[in-house]
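K.L.:
File follows, coords-v2.txt with compact mmCIF, C-alpha atoms:
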# COMPACT_ATOMS: atom_id res chain seq x y z
CA MET A 1 0.00 0.00 0.00
CA SER A 2 2.85 2.35 0.80
CA PHE A 3 4.48 1.66 -2.58
CA LEU A 4 1.22 2.47 -4.41
CA LEU A 5 0.85 5.73 -2.50
CA ASP A 6 4.46 6.69 -3.21
CA SER A 7 4.03 5.81 -6.90
CA SER A 8 0.88 7.90 -7.13
CA ILE A 9 2.78 10.89 -5.70
CA MET A 10 5.55 10.44 -8.26
CA VAL A 11 3.14 9.98 -11.18
CA THR A 12 1.17 13.08 -10.15
CA SER A 13 4.32 15.19 -9.97
CA GLN A 14 5.48 13.85 -13.35
CA VAL A 15 2.14 14.79 -14.92
CA LEU A 16 2.51 18.32 -13.50
CA PHE A 17 6.08 18.59 -14.80
CA PHE A 18 4.92 17.29 -18.19
CA GLY A 19 2.19 19.94 -18.29
CA PHE A 20 4.65 22.71 -17.42
CA GLY A 21 7.03 21.50 -20.13
CA TRP A 22 4.17 21.42 -22.64
CA LEU A 23 3.10 24.99 -21.74
CA PHE A 24 6.69 26.23 -21.96
CA PHE A 25 6.99 24.57 -25.35
CA MET A 26 3.79 26.15 -26.71
CA ARG A 27 3.98 29.58 -25.05
CA LYS A 28 7.71 30.26 -25.38
CA LEU A 29 9.46 28.14 -27.99
CA PHE A 30 6.73 27.78 -30.59
CA LYS A 31 4.55 30.83 -30.07
CA ASP A 32 5.59 32.14 -33.52
CA TYR A 33 5.49 28.79 -35.33
CA GLU A 34 2.77 26.37 -36.38
CA VAL A 35 3.50 22.99 -34.80
CA ARG A 36 2.60 19.92 -36.84
CA GLN A 37 4.85 17.25 -35.29
CA TYR A 38 3.29 16.42 -31.94
CA VAL A 39 5.91 13.75 -31.33
CA VAL A 40 8.44 16.58 -30.89
CA GLN A 41 6.26 18.23 -28.23
CA VAL A 42 5.79 14.92 -26.43
CA ILE A 43 9.52 14.09 -26.44
CA PHE A 44 10.47 17.56 -25.18
CA SER A 45 7.84 17.52 -22.43
CA VAL A 46 8.66 13.94 -21.34
CA THR A 47 12.38 14.79 -21.18
CA PHE A 48 11.62 17.86 -19.08
CA ALA A 49 9.28 15.88 -16.79
CA PHE A 50 11.75 13.08 -16.03
CA SER A 51 14.62 15.56 -15.65
CA CYS A 52 12.68 17.54 -13.04
CA THR A 53 11.65 14.28 -11.35
CA MET A 54 15.31 13.48 -10.71
CA PHE A 55 15.71 16.80 -8.93
CA GLU A 56 12.52 16.10 -7.00
CA LEU A 57 13.97 12.77 -5.86
CA ILE A 58 17.12 14.56 -4.64
CA ILE A 59 14.97 16.80 -2.45
CA PHE A 60 13.01 13.74 -1.26
CA GLU A 61 16.32 12.12 -0.28
CA ILE A 62 17.19 15.04 2.00
CA LEU A 63 13.69 15.40 3.47
CA GLY A 64 13.13 11.65 3.83
CA VAL A 65 9.90 11.74 1.82
CA LEU A 66 8.64 8.37 0.49
CA ASN A 67 9.84 4.94 1.51
CA SER A 68 13.49 4.13 0.87
CA SER A 69 12.66 1.20 -1.44
CA SER A 70 10.17 3.37 -3.36
CA ARG A 71 12.75 6.08 -3.92
CA TYR A 72 15.25 3.49 -5.14
CA PHE A 73 12.71 2.03 -7.58
CA HIS A 74 11.78 5.44 -9.00
CA TRP A 75 15.43 6.45 -9.25
CA LYS A 76 16.06 3.34 -11.36
CA LEU A 77 12.94 3.91 -13.45
CA ASN A 78 13.72 7.57 -14.09
CA LEU A 79 17.32 6.93 -15.09
CA CYS A 80 16.31 4.09 -17.43
CA VAL A 81 13.67 6.24 -19.12
CA ILE A 82 15.83 9.35 -19.45
CA LEU A 83 18.73 7.32 -20.87
CA LEU A 84 16.38 5.58 -23.30
CA ILE A 85 15.21 9.00 -24.50
CA LEU A 86 18.69 10.59 -24.72
CA VAL A 87 20.57 7.71 -26.31
CA PHE A 88 17.96 6.02 -28.51
CA MET A 89 14.81 8.07 -29.11
CA VAL A 90 15.97 11.68 -29.53
CA PRO A 91 19.00 10.93 -31.77
CA PHE A 92 16.85 8.75 -34.04
CA TYR A 93 14.18 11.44 -34.47
CA ILE A 94 16.82 14.10 -35.04
CA GLY A 95 18.19 12.02 -37.91
CA TYR A 96 14.65 11.33 -39.16
CA PHE A 97 13.70 15.03 -39.35
CA ILE A 98 17.06 15.96 -40.91
CA VAL A 99 16.47 13.40 -43.66
CA SER A 100 12.86 14.58 -44.05
CA ASN A 101 14.11 18.07 -44.99
CA ILE A 102 16.16 16.61 -47.87
CA ARG A 103 13.93 15.91 -50.86
CA LEU A 104 16.30 13.44 -52.50
CA LEU A 105 16.09 11.13 -49.47
CA HIS A 106 12.32 11.16 -48.92
CA ARG A 107 11.71 7.66 -50.29
CA GLN A 108 14.29 6.02 -48.02
CA LYS A 109 14.18 8.46 -45.10
CA LEU A 110 13.64 5.70 -42.52
CA LEU A 111 16.73 3.86 -43.76
CA PHE A 112 18.90 6.99 -43.77
CA ALA A 113 17.58 7.95 -40.33
CA CYS A 114 18.78 4.57 -39.02
CA VAL A 115 22.17 5.15 -40.64
CA LEU A 116 22.50 8.53 -38.92
CA TRP A 117 21.47 7.00 -35.59
CA LEU A 118 24.06 4.22 -35.93
CA THR A 119 26.68 6.88 -36.73
CA PHE A 120 25.72 8.74 -33.57
CA MET A 121 25.93 5.54 -31.52
CA TYR A 122 29.42 4.82 -32.86
CA PHE A 123 30.80 8.23 -31.89
CA PHE A 124 28.84 8.21 -28.63
CA TRP A 125 30.40 4.90 -27.67
CA LYS A 126 33.91 5.88 -28.80
CA LEU A 127 33.58 8.90 -26.53
CA GLY A 128 34.46 6.67 -23.60
CA ASP A 129 37.89 5.71 -24.97
CA PRO A 130 39.95 8.79 -23.95
CA PHE A 131 38.28 9.11 -20.52
CA PRO A 132 38.65 6.91 -17.41
CA ILE A 133 34.95 6.02 -17.34
CA LEU A 134 34.90 2.48 -18.71
CA SER A 135 33.93 -0.35 -16.41
CA PRO A 136 34.44 -3.91 -17.70
CA LYS A 137 32.18 -5.27 -14.94
CA HIS A 138 29.02 -3.99 -16.62
CA GLY A 139 27.31 -4.81 -19.89
CA ILE A 140 27.29 -2.68 -23.01
CA LEU A 141 23.82 -1.24 -22.41
CA SER A 142 24.00 -1.01 -18.62
CA ILE A 143 23.11 2.19 -16.79
CA GLU A 144 26.73 2.71 -15.76
CA GLN A 145 28.05 2.52 -19.33
CA LEU A 146 25.41 4.88 -20.73
CA ILE A 147 25.34 7.44 -17.93
CA SER A 148 29.13 7.66 -17.85
CA ARG A 149 29.17 8.92 -21.46
CA VAL A 150 26.14 11.14 -21.02
CA GLY A 151 27.88 12.58 -17.96
CA VAL A 152 30.98 13.59 -19.93
CA ILE A 153 28.92 15.55 -22.46
CA GLY A 154 26.63 17.08 -19.83
CA VAL A 155 29.41 18.05 -17.42
CA THR A 156 31.32 19.67 -20.30
CA LEU A 157 28.23 21.67 -21.23
CA MET A 158 27.60 22.66 -17.61
CA ALA A 159 31.21 23.77 -17.12
CA LEU A 160 31.17 25.86 -20.31
CA LEU A 161 27.94 27.62 -19.31
CA SER A 162 29.10 28.05 -15.70
CA GLY A 163 32.46 29.50 -16.73
CA PHE A 164 30.91 32.00 -19.11
CA GLY A 165 28.10 32.85 -16.68
CA ALA A 166 30.49 33.43 -13.76
CA VAL A 167 32.33 36.04 -15.85
CA ASN A 168 29.46 37.52 -17.86
CA CYS A 169 27.17 38.01 -14.85
CA PRO A 170 29.33 40.62 -13.05
CA TYR A 171 30.25 42.18 -16.40
CA THR A 172 26.56 42.63 -17.17
CA TYR A 173 25.43 43.84 -13.73
CA MET A 174 28.30 46.09 -12.64
CA SER A 175 28.12 49.74 -13.65
CA TYR A 176 31.94 49.87 -13.51
CA PHE A 177 32.11 48.23 -16.94
CA LEU A 178 29.64 50.65 -18.54
CA ARG A 179 31.12 53.02 -21.09
CA ASN A 180 30.66 56.72 -20.41
CA VAL A 181 28.11 57.64 -23.07
CA THR A 182 26.76 61.19 -23.32
CA ASP A 183 24.02 62.75 -25.40
CA ALA A 184 26.72 64.47 -27.48
CA ASP A 185 28.21 61.08 -28.43
CA ILE A 186 24.82 59.81 -29.54
CA LEU A 187 24.06 62.99 -31.52
CA ALA A 188 27.46 62.86 -33.25
CA LEU A 189 26.92 59.25 -34.31
CA GLU A 190 23.37 59.97 -35.47
CA ARG A 191 24.70 62.91 -37.48
CA ARG A 192 27.21 60.61 -39.19
CA LEU A 193 24.40 58.16 -39.92
CA LEU A 194 22.25 60.90 -41.49
CA GLN A 195 25.18 62.17 -43.56
CA THR A 196 25.81 58.64 -44.81
CA MET A 197 22.14 58.21 -45.72
CA ASP A 198 22.24 61.54 -47.60
CA MET A 199 25.29 60.39 -49.56
CA ILE A 200 23.53 57.14 -50.45
CA VAL A 201 20.45 59.02 -51.68
CA SER A 202 22.63 61.43 -53.68
CA LYS A 203 24.56 58.67 -55.43
CA LYS A 204 21.42 56.69 -56.17
CA LYS A 205 19.96 59.83 -57.77
CA ARG A 206 23.05 60.08 -59.98
CA ILE A 207 22.58 56.46 -61.04
CA ALA A 208 18.90 57.09 -61.79
CA VAL A 209 19.73 60.21 -63.85
CA ALA A 210 22.36 58.28 -65.79
CA HIS A 211 19.89 55.50 -66.55
CA ARG A 212 17.30 58.05 -67.70
CA THR A 213 19.89 59.69 -69.98
CA MET A 214 20.76 56.29 -71.45
CA PHE A 215 17.08 55.59 -72.01
CA GLN A 216 16.53 58.92 -73.75
CA ARG A 217 19.51 58.28 -76.06
CA GLY A 218 18.17 54.84 -76.86
CA GLU A 219 21.21 53.08 -75.37
CA VAL A 220 19.05 50.85 -73.20
CA HIS A 221 17.26 49.29 -76.18
CA ASN A 222 20.44 49.05 -78.28
CA LYS A 223 22.48 47.59 -75.45
CA PRO A 224 25.01 45.05 -76.82
CA THR A 225 24.70 41.47 -75.68
CA GLY A 226 27.19 38.72 -75.04
CA PHE A 227 30.44 38.68 -73.11
CA TRP A 228 32.02 41.69 -74.84
CA GLY A 229 28.78 43.61 -74.48
CA MET A 230 28.85 43.01 -70.72
CA ILE A 231 32.44 44.21 -70.53
CA LYS A 232 31.58 47.31 -72.51
CA SER A 233 28.57 48.11 -70.35
CA VAL A 234 30.73 47.96 -67.25
CA THR A 235 33.56 50.08 -68.54
CA THR A 236 31.61 52.62 -70.57
CA SER A 237 31.23 56.09 -69.08
CA VAL A 238 27.88 57.80 -69.40
CA ALA A 239 26.60 61.29 -68.64
CA GLY A 240 29.99 62.86 -68.92
CA SER A 241 32.33 61.16 -66.51
CA GLU A 242 29.73 59.04 -64.71
CA ASN A 243 30.76 55.39 -64.19
CA LEU A 244 27.76 53.41 -63.02
CA SER A 245 29.77 50.42 -61.82
CA LEU A 246 32.03 52.57 -59.63
CA ILE A 247 29.12 54.55 -58.21
CA GLN A 248 27.22 51.35 -57.40
CA GLN A 249 30.26 50.02 -55.53
CA GLU A 250 30.36 53.24 -53.52
CA VAL A 251 26.65 52.89 -52.75
CA ASP A 252 27.15 49.30 -51.53
CA ALA A 253 30.02 50.39 -49.29
CA LEU A 254 27.99 53.28 -47.88
CA GLU A 255 24.99 51.02 -47.21
CA GLU A 256 27.22 48.62 -45.27
CA LEU A 257 28.61 51.59 -43.32
CA SER A 258 25.08 52.81 -42.60
CA ARG A 259 24.17 49.41 -41.17
CA GLN A 260 27.20 49.46 -38.88
CA LEU A 261 26.43 53.02 -37.77
CA PHE A 262 22.82 52.08 -37.06
CA LEU A 263 23.91 49.15 -34.88
CA GLU A 264 26.41 51.33 -33.03
CA THR A 265 23.74 53.98 -32.48
CA ALA A 266 21.36 51.39 -31.06
CA ASP A 267 24.18 50.11 -28.82
CA LEU A 268 24.87 53.63 -27.52
CA HIS A 269 21.18 54.15 -26.76
CA ALA A 270 21.09 50.82 -24.88
CA THR A 271 24.22 51.78 -22.93
CA LYS A 272 22.72 55.19 -22.08
CA GLU A 273 19.58 53.46 -20.78
CA ARG A 274 21.74 51.10 -18.68
CA ILE A 275 23.55 54.10 -17.20
CA GLU A 276 20.24 55.71 -16.25
CA TYR A 277 19.00 52.38 -14.87
CA SER A 278 22.15 51.94 -12.76
CA LYS A 279 21.25 55.14 -10.88
CA THR A 280 17.95 53.69 -9.66
CA PHE A 281 17.56 51.64 -6.48
CA GLN A 282 17.13 48.40 -8.42
CA GLY A 283 20.16 49.24 -10.55
CA LYS A 284 22.28 49.80 -7.44
CA TYR A 285 21.07 46.46 -6.08
CA PHE A 286 22.18 44.63 -9.22
CA ASN A 287 25.44 46.56 -9.14
CA PHE A 288 26.04 45.20 -5.62
CA LEU A 289 25.23 41.71 -6.91
CA GLY A 290 27.80 42.27 -9.62
CA TYR A 291 30.54 42.89 -7.04
CA PHE A 292 29.40 39.82 -5.10
CA PHE A 293 29.53 37.62 -8.19
CA SER A 294 32.92 39.07 -9.06
CA ILE A 295 34.28 37.85 -5.73
CA TYR A 296 32.56 34.51 -6.29
CA CYS A 297 34.04 34.25 -9.78
CA VAL A 298 37.57 34.92 -8.51
CA TRP A 299 37.11 32.43 -5.67
CA LYS A 300 35.70 29.80 -8.05
CA ILE A 301 38.59 30.22 -10.48
CA PHE A 302 41.08 30.05 -7.62
CA MET A 303 39.52 26.89 -6.17
CA ALA A 304 39.30 25.25 -9.61
CA THR A 305 43.00 25.97 -10.13
CA ILE A 306 43.87 24.54 -6.70
CA ASN A 307 41.80 21.42 -7.37
CA ILE A 308 43.49 20.86 -10.73
CA VAL A 309 47.06 21.49 -9.53
CA PHE A 310 46.77 19.32 -6.40
CA ASP A 311 44.37 16.78 -7.95
CA ARG A 312 41.96 17.44 -5.09
CA VAL A 313 38.29 16.46 -4.76
CA GLY A 314 36.34 17.16 -1.60
CA LYS A 315 35.07 14.18 0.40
CA THR A 316 32.66 16.21 2.55
CA ASP A 317 29.88 18.39 1.22
CA PRO A 318 30.70 22.14 1.30
CA VAL A 319 27.95 23.03 3.79
CA THR A 320 28.98 20.49 6.44
CA ARG A 321 32.64 21.32 5.95
CA GLY A 322 32.00 25.07 6.24
CA ILE A 323 29.94 24.66 9.41
CA GLU A 324 32.61 22.41 10.99
CA ILE A 325 35.35 24.96 10.28
CA THR A 326 33.24 27.82 11.67
CA VAL A 327 32.26 25.90 14.82
CA ASN A 328 35.83 24.81 15.52
CA TYR A 329 37.13 28.33 14.95
CA LEU A 330 34.56 29.99 17.24
CA GLY A 331 34.57 27.18 19.78
CA ILE A 332 30.79 27.09 20.26
CA GLN A 333 28.29 24.27 20.81
CA PHE A 334 26.43 23.60 17.58
CA ASP A 335 24.45 20.68 16.12
CA VAL A 336 26.38 20.35 12.86
CA LYS A 337 24.40 17.36 11.55
CA PHE A 338 20.99 18.96 12.13
CA TRP A 339 21.79 22.33 10.58
CA SER A 340 23.84 20.91 7.71
CA GLN A 341 20.77 18.90 6.71
CA HIS A 342 18.53 21.99 6.52
CA ILE A 343 21.12 24.28 4.96
CA SER A 344 21.99 21.59 2.39
CA PHE A 345 18.31 21.31 1.54
CA ILE A 346 18.07 25.07 0.95
CA LEU A 347 21.33 25.13 -1.03
CA VAL A 348 20.36 22.18 -3.23
CA GLY A 349 16.92 23.72 -3.78
CA ILE A 350 18.48 27.00 -4.91
CA ILE A 351 20.88 25.14 -7.22
CA ILE A 352 18.01 23.16 -8.75
CA ILE A 353 15.73 26.17 -9.29
CA THR A 354 18.48 28.37 -10.75
CA SER A 355 19.72 25.52 -12.96
CA ILE A 356 16.26 24.90 -14.44
CA ARG A 357 15.49 28.61 -14.85
CA GLY A 358 18.89 29.45 -16.32
CA LEU A 359 18.84 26.57 -18.77
CA LEU A 360 15.30 27.35 -19.99
CA ILE A 361 16.21 31.01 -20.56
CA THR A 362 19.35 29.98 -22.45
CA LEU A 363 17.43 27.46 -24.57
CA THR A 364 14.79 30.08 -25.43
CA LYS A 365 17.39 32.63 -26.58
CA PHE A 366 19.26 29.97 -28.55
CA PHE A 367 16.06 28.80 -30.25
CA TYR A 368 15.00 32.31 -31.25
CA ALA A 369 18.47 32.98 -32.68
CA ILE A 370 18.72 30.03 -35.08
CA SER A 371 15.24 28.56 -35.56
CA SER A 372 13.18 28.55 -38.75
CA SER A 373 9.98 26.87 -39.89
CA LYS A 374 11.91 23.98 -41.46
CA SER A 375 14.59 23.44 -38.84
CA SER A 376 12.49 24.08 -35.74
CA ASN A 377 11.70 20.40 -35.06
CA VAL A 378 15.38 19.41 -35.25
CA ILE A 379 16.44 22.31 -33.05
CA VAL A 380 13.85 21.52 -30.36
CA LEU A 381 15.00 17.89 -30.28
CA LEU A 382 18.61 19.09 -29.94
CA LEU A 383 17.53 21.33 -27.06
CA ALA A 384 15.76 18.37 -25.44
CA GLN A 385 18.97 16.35 -25.81
CA ILE A 386 21.05 19.12 -24.25
CA MET A 387 18.52 19.63 -21.46
CA GLY A 388 18.42 15.93 -20.55
CA MET A 389 22.21 15.58 -20.51
CA TYR A 390 22.53 18.80 -18.52
CA PHE A 391 20.12 17.58 -15.82
CA VAL A 392 21.62 14.10 -15.61
CA SER A 393 25.06 15.66 -15.15
CA SER A 394 23.65 18.00 -12.51
CA VAL A 395 22.70 14.95 -10.47
CA LEU A 396 26.30 13.69 -10.70
CA LEU A 397 27.68 17.01 -9.42
CA ILE A 398 24.96 17.89 -6.90
CA ARG A 399 25.65 14.56 -5.20
CA MET A 400 28.83 16.08 -3.74
CA SER A 401 26.82 18.98 -2.25
CA MET A 402 24.74 16.56 -0.16
CA PRO A 403 25.69 15.18 3.25
CA LEU A 404 27.12 11.66 3.11
CA GLU A 405 24.05 9.91 4.55
CA TYR A 406 21.84 11.28 1.74
CA ARG A 407 24.08 10.09 -1.09
CA THR A 408 23.57 6.37 -0.46
CA ILE A 409 20.69 5.64 -2.82
CA ILE A 410 22.01 8.00 -5.50
CA THR A 411 25.40 6.28 -5.41
CA GLU A 412 23.77 2.84 -5.59
CA VAL A 413 21.58 3.82 -8.52
CA LEU A 414 24.33 5.52 -10.53
CA GLY A 415 26.62 2.55 -9.99
CA GLU A 416 30.40 2.37 -9.92
CA LEU A 417 31.11 5.67 -11.64
CA GLN A 418 34.32 7.65 -11.33
CA PHE A 419 32.68 10.57 -9.51
CA ASN A 420 36.03 12.23 -8.80
CA PHE A 421 36.79 12.33 -12.52
CA TYR A 422 33.64 14.31 -13.29
CA HIS A 423 34.45 16.91 -10.64
CA ARG A 424 38.01 17.29 -11.92
CA TRP A 425 36.76 17.46 -15.51
CA PHE A 426 34.27 20.16 -14.51
CA ASP A 427 37.05 22.21 -12.89
CA VAL A 428 39.24 21.96 -16.01
CA ILE A 429 36.51 22.99 -18.46
CA PHE A 430 35.21 25.68 -16.08
CA LEU A 431 38.67 27.21 -15.78
CA VAL A 432 39.21 27.21 -19.56
CA SER A 433 35.76 28.68 -20.18
CA ALA A 434 36.12 31.39 -17.52
CA LEU A 435 39.58 32.51 -18.67
CA SER A 436 38.47 32.51 -22.32
CA SER A 437 35.39 34.54 -21.40
CA ILE A 438 37.53 37.07 -19.49
CA LEU A 439 39.80 37.49 -22.52
CA PHE A 440 36.88 37.78 -24.93
CA LEU A 441 34.97 40.34 -22.83
CA TYR A 442 38.18 42.31 -22.22
CA LEU A 443 38.88 42.60 -25.94
CA ALA A 444 35.24 43.46 -26.69
CA HIS A 445 35.16 46.10 -23.95
CA LYS A 446 38.47 47.57 -25.08
CA GLN A 447 37.52 47.79 -28.77
CA ALA A 448 34.06 49.27 -28.16
CA PRO A 449 35.23 52.84 -27.30
CA GLU A 450 37.72 52.80 -30.19
CA LYS A 451 34.95 51.81 -32.59
CA HIS A 452 32.75 54.72 -31.54
CA MET A 453 35.63 57.21 -31.74
CA ALA A 454 36.57 56.11 -35.25
What's the structure tokens form of this structure?
P.N.:
Amino acid sequence: MSFLLDSSIMVTSQVLFFGFGWLFFMRKLFKDYEVRQYVVQVIFSVTFAFSCTMFELIIFEILGVLNSSSRYFHWKLNLCVILLILVFMVPFYIGYFIVSNIRLLHRQKLLFACVLWLTFMYFFWKLGDPFPILSPKHGILSIEQLISRVGVIGVTLMALLSGFGAVNCPYTYMSYFLRNVTDADILALERRLLQTMDMIVSKKKRIAVAHRTMFQRGEVHNKPTGFWGMIKSVTTSVAGSENLSLIQQEVDALEELSRQLFLETADLHATKERIEYSKTFQGKYFNFLGYFFSIYCVWKIFMATINIVFDRVGKTDPVTRGIEITVNYLGIQFDVKFWSQHISFILVGIIIITSIRGLLITLTKFFYAISSSKSSNVIVLLLAQIMGMYFVSSVLLIRMSMPLEYRTIITEVLGELQFNFYHRWFDVIFLVSALSSILFLYLAHKQAPEKHMA
């Protein structure tokens, strides 16, 4: 009876997660597109539901909700389903919709879709060769073998996003990095834009007058044909010293310049609005957050470097370790186990909520940037693949943030994985991503003033 009650709770929560994923799909991703392939909606929503269910089970582990055997069963079930989706179902449908967009392959699209899926499986399996994740004790299609490879891809993705986010967040929030833009700068750039537009109009008028003169002389109707005629039409001067080819090249160059000036003008207006916003109470609050995240970024980079150099991976979760150090330093009586449980629950909850929110925002921006009516199905399936791998890898890394007594079932379900490897791999990719982001943003920030002064 207890198992049935626990299962009903899990099924109800999965239905709610599925509904939220479906609404997000329809209201955000596909609000500007007509959806015909419902299988894509179902796959995306199911992936989202089972991914959120894993996070729900983590919280249940800390709070002690559900029976221990029920949690173990649903952990196994969720991992099996999510791996089935990520390794078999989504890659096959991605190949199927890619082939469907190629007219020459319509008749044999099922066959070519299977070929693409087999190609994916080959590279997916070979992914385990350069990493210490292979375990000869388990079968080819065991959970350990599949999740170890999914973990490498997901942890790499997480580290890249975390490294860029840790640098970009303070850069975006802090008013220190804002360029000093005045109304005079904006007016000067707008004046240049208007002058460029006037030059474009003037040159186009000259071209139109030249064409009218040619028409009046009858040169349009008697225009020579063939290769030599084309050469003559390009090199012939009309209306005195007018050269249409040269003028058209100047017009093209000026139009490209006008586009660049327009983008720079819009950027200056946006920067001016950010400067005004930074003077408000909310702007000052986010500016303070920017300084906080700057300290966090420096600390994270420093700790990642220390972990890489000394090949170090923590054995105790950060909350318990931090409380133990504080209690020992202050010399006070404190129930470390009790408070570490509650603080870990809050910390893990914050990590889960921010991870889901941040990933959904990133996926939405990415989809709007590259989607089209033909490629939208493939892109959504790719986003579902990324989302599933991201969440599975989050479970691997969040495990270290939990007290030891709450990791038991998660460790049993995930099997004999090299957990230390994933944490070291995360530190390496995070460090590379963060340093690359610092260099990129530094160069972009340095070149921006020079561009506007040019």
K.L.:
With all atoms listed in the file as the basis for distance, which of A:Ala210, A:Leu16, A:Val432, A:Ile200 is at the shortest distance from Leu254 in chain A?
P.N.:
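Residue with the minimum atom-to-atom distance to Leu254 in chain A: A:Ile200.
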K.L.:
Which residue, A:Val298, A:Phe60, A:Gln145, A:Ile275, has the smallest gap to Lys126 in chain A when you use only C-alpha atoms?
P.N.:
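Closest to Lys126 in chain A, using only C-alpha atoms: A:Gln145.
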K.L.:
Tell me, in Å to one decimal, how far CA of Val413 in chain A is from CA of Gly64 in chain A.
P.N.:
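Computed distance, CA of Val413 in chain A to CA of Gly64 in chain A, equals 16.9 Å.
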K.L.:
Ranking A:Ala49, A:Ala270, A:Arg424, A:Glu412 by minimum distance to Phe310 in chain A and counting only C-alpha atoms, which one comes first?
P.N.:
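With only C-alpha atoms as the atom set, the closest residue is A:Arg424.
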K.L.:
Just checking: using all atoms listed in the file, which residue out of A:Trp22, A:Phe430, A:Phe55, A:Trp117 ends up closest to Ser393 in chain A?
P.N.:
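Among the listed residues, the smallest separation from Ser393 in chain A belongs to A:Phe55.
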K.L.:
Looking at A:Cys80, A:Leu383, A:Leu66, A:Leu5, which one is nearest to Leu414 in chain A, with distances taken over all atoms listed in the file?
P.N.:
A:Cys80
K.L.:
So how far away is CA of Leu382 in chain A from CA of Val155 in chain A, in Å?
P.N.:
16.6 Å
K.L.:
One number please: CA of Val378 in chain A to CA of Phe97 in chain A, in Å, one decimal.
P.N.:
6.2 Å
